[in-house]
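Visitor: Structure provided below as structure tokens; questions to follow.
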Amino acid sequence: MGLRRHDSDGRRLPMTAFGQPPAWESPSSDPNDTTFGDVVEPTTLESTAEDGDFPDGEATAAYDAVLVGEPYDRAVIGRQGASEGPQAIRTALAGVKTHHFDRGSVDRRIADIGDIAIPERGVVTVQSELERAIMPLYEHGSRPIFLGGDNSLTVPNVGAAIEALPGSVGVISLDAHLDCREPVDGPSSGTPYYQLHERGLDAFAVVGARHFETSSAYAAFVDEQGGTIVTADAVGRDFDAAVARALDAVSEVDHVLCSLDMDVLDATAAPGVSAPTPGGLTTRELYALLGRLGAEDRLVGFEVVECAPPLEDGSMTSDAAARAIAHLLSGWSR
């Protein structure tokens with residue numbers, strides 16, 4: 001078994017970019033409990049493909065989902081703290097039980113590749129190096145679940161899919177904000193979708209956007225790109241119609257990624273984010289939405305960003321993030 005170790009320019013990929021994968025264990029003492037702590041396996045980048053030898057052969061993904069930690073928040077607009085998100089989400093997820101009443105137990109092979117080593121450099125360099133490190137996961141069919149980290153990481157997480165996968169790519173962003181500012185002073189957590197549209201992102205939908213939380217110019221930008229904005233109010237008024245609008249926005253692309261910014265939730269449900277605001281989705285709405293999106297057979301990746309444990313007392317936001325991952329996995333289409 002082998003993985004391609006060079007990018008399209010022949011440069012060697014940073015195969016040691018991932019740290020030691022953590023060992024998972026359940027905190028439950030009940031022998032009848034099966035939690036994600038029991039089922040997540042530590043792995044390495046080389047072990048995420050079952051067979052095949054790039055570039056001459058095809059590899060088969062060894063896991064249904066691969067967790068990737070991205071402890072970085074130096075590009076955040078506002079309050080920092082999201083660099084501590086990956087560990088907090090893992091801790092919370094380890095104790096979440098795998099049973100869903102409607103879909104049964106989450107019966108998937110799930111691995112954790114550890115935290116990616118992020119260089120102490122400028123945001124442009126960080127985005128570029130992360131993209132190169134992530135590309136092998138997509139190339140052999142792994143479906144990564146990125147644990148952020150701030151929203152600037154969306155650029156490498158999606159950009160790697162644009163570069164590695166044949167065909168078109170679209171994003172469904174669950175977010176209070178549009179994050180499509182022009183990076184005049186450099187990239188930030190507010191610029192990812194401007195950057196990705198410059199890269200050729202084929203389709204874009206934002207679900208959960210808040211009135212009075214964005215500028216008219218950015219709403220116009222999304223409209224000019226042919227994107228779709230589904231407000232938090234629209235989700236509350238007619239959930240099924242809101243989901244249909246989001247899926248329709250990406251109906252013509254070959255591959256879909258879902259990005260969850262934890263500030264899409266109402267501030268009462270997710271206070272530990274950089275910019276908590278009222279009027280957001282409820283956790284029940286979010287989980288139902290993720291169950292539906294997880295069933296989309298074109299879904300190739302998922303990220304959770306802007307979970308910032310130091311910005312709250314307790315673990316409400318990381319608990320919500322962990323259960324968001326569980327709900328997505330319960331709907332996972334294959």
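Labels used: A, B, ... for chains in the order of the structure tokens, numbers from 1 for residues in each chain, and numbers from 1 for ligands as shown.
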Do a neighbour search on Ala88 (chain A) at 10 Å with only C-alpha atoms, toss out local chain neighbours closer than 4 positions, and write the hits as a PyMOL selection string.
Guide: chain A and resi 82-84+92-93+147+307-309+315+317-319+321-322
Visitor: Let's see if you can do this: from backbone DSSP, list all helix (DSSP H, G or I) residues in region 90-284 of chain A, as a ChimeraX atom specification.
Guide: /A:90-94,123-139,151-164,192-199,216-224,232-237,239-249,262-264,283-284
Visitor: Could you please determine the separation between CA of Leu286 (chain A) and CA of Ala249 (chain A) in Å, to one decimal place?
Guide: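 According to the coordinates, CA of Leu286 (chain A) and CA of Ala249 (chain A) are separated by 18.4 Å.
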Visitor: Using DSSP secondary structure from the backbone, list all strand (DSSP E) positions within region 146-327 of chain A, as number ranges by chain.
Guide: A: 146-148, 169-174, 203-209, 228-231, 255-261, 299-305
Visitor: Those same residues - C-alpha atoms - I'd like them written as a compact mmCIF listing (two decimals), in the first residue's frame.
Guide:
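Contents of part_18.txt, as written:
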# COMPACT_ATOMS: atom_id res chain seq x y z
CA PHE A 146 -12.04 18.62 10.29
CA LEU A 147 -12.02 19.80 13.91
CA GLY A 148 -11.18 23.50 13.91
CA VAL A 169 -17.28 21.22 -5.89
CA GLY A 170 -19.90 23.06 -3.85
CA VAL A 171 -20.19 24.08 -0.20
CA ILE A 172 -23.13 24.29 2.18
CA SER A 173 -22.03 26.66 4.94
CA LEU A 174 -23.97 26.63 8.21
CA ALA A 203 -21.74 26.32 -5.91
CA PHE A 204 -22.38 27.93 -2.53
CA ALA A 205 -25.21 28.07 -0.02
CA VAL A 206 -25.30 29.66 3.44
CA VAL A 207 -27.84 28.31 5.92
CA GLY A 208 -28.57 30.07 9.19
CA ALA A 209 -27.49 33.59 8.21
CA THR A 228 -28.08 31.01 -2.05
CA ILE A 229 -28.72 32.50 1.39
CA VAL A 230 -31.17 30.68 3.67
CA THR A 231 -31.71 32.71 6.84
CA HIS A 255 -18.98 16.89 -4.74
CA VAL A 256 -20.36 18.69 -1.68
CA LEU A 257 -18.66 19.78 1.52
CA CYS A 258 -20.47 20.99 4.62
CA SER A 259 -18.99 23.64 6.89
CA LEU A 260 -20.39 24.17 10.38
CA ASP A 261 -19.45 27.42 12.10
CA LEU A 299 -20.88 14.65 0.63
CA VAL A 300 -17.09 14.29 0.70
CA GLY A 301 -16.14 16.23 3.83
CA PHE A 302 -17.31 18.11 6.91
CA GLU A 303 -15.71 20.73 9.13
CA VAL A 304 -16.55 22.20 12.52
CA VAL A 305 -15.00 25.63 13.08
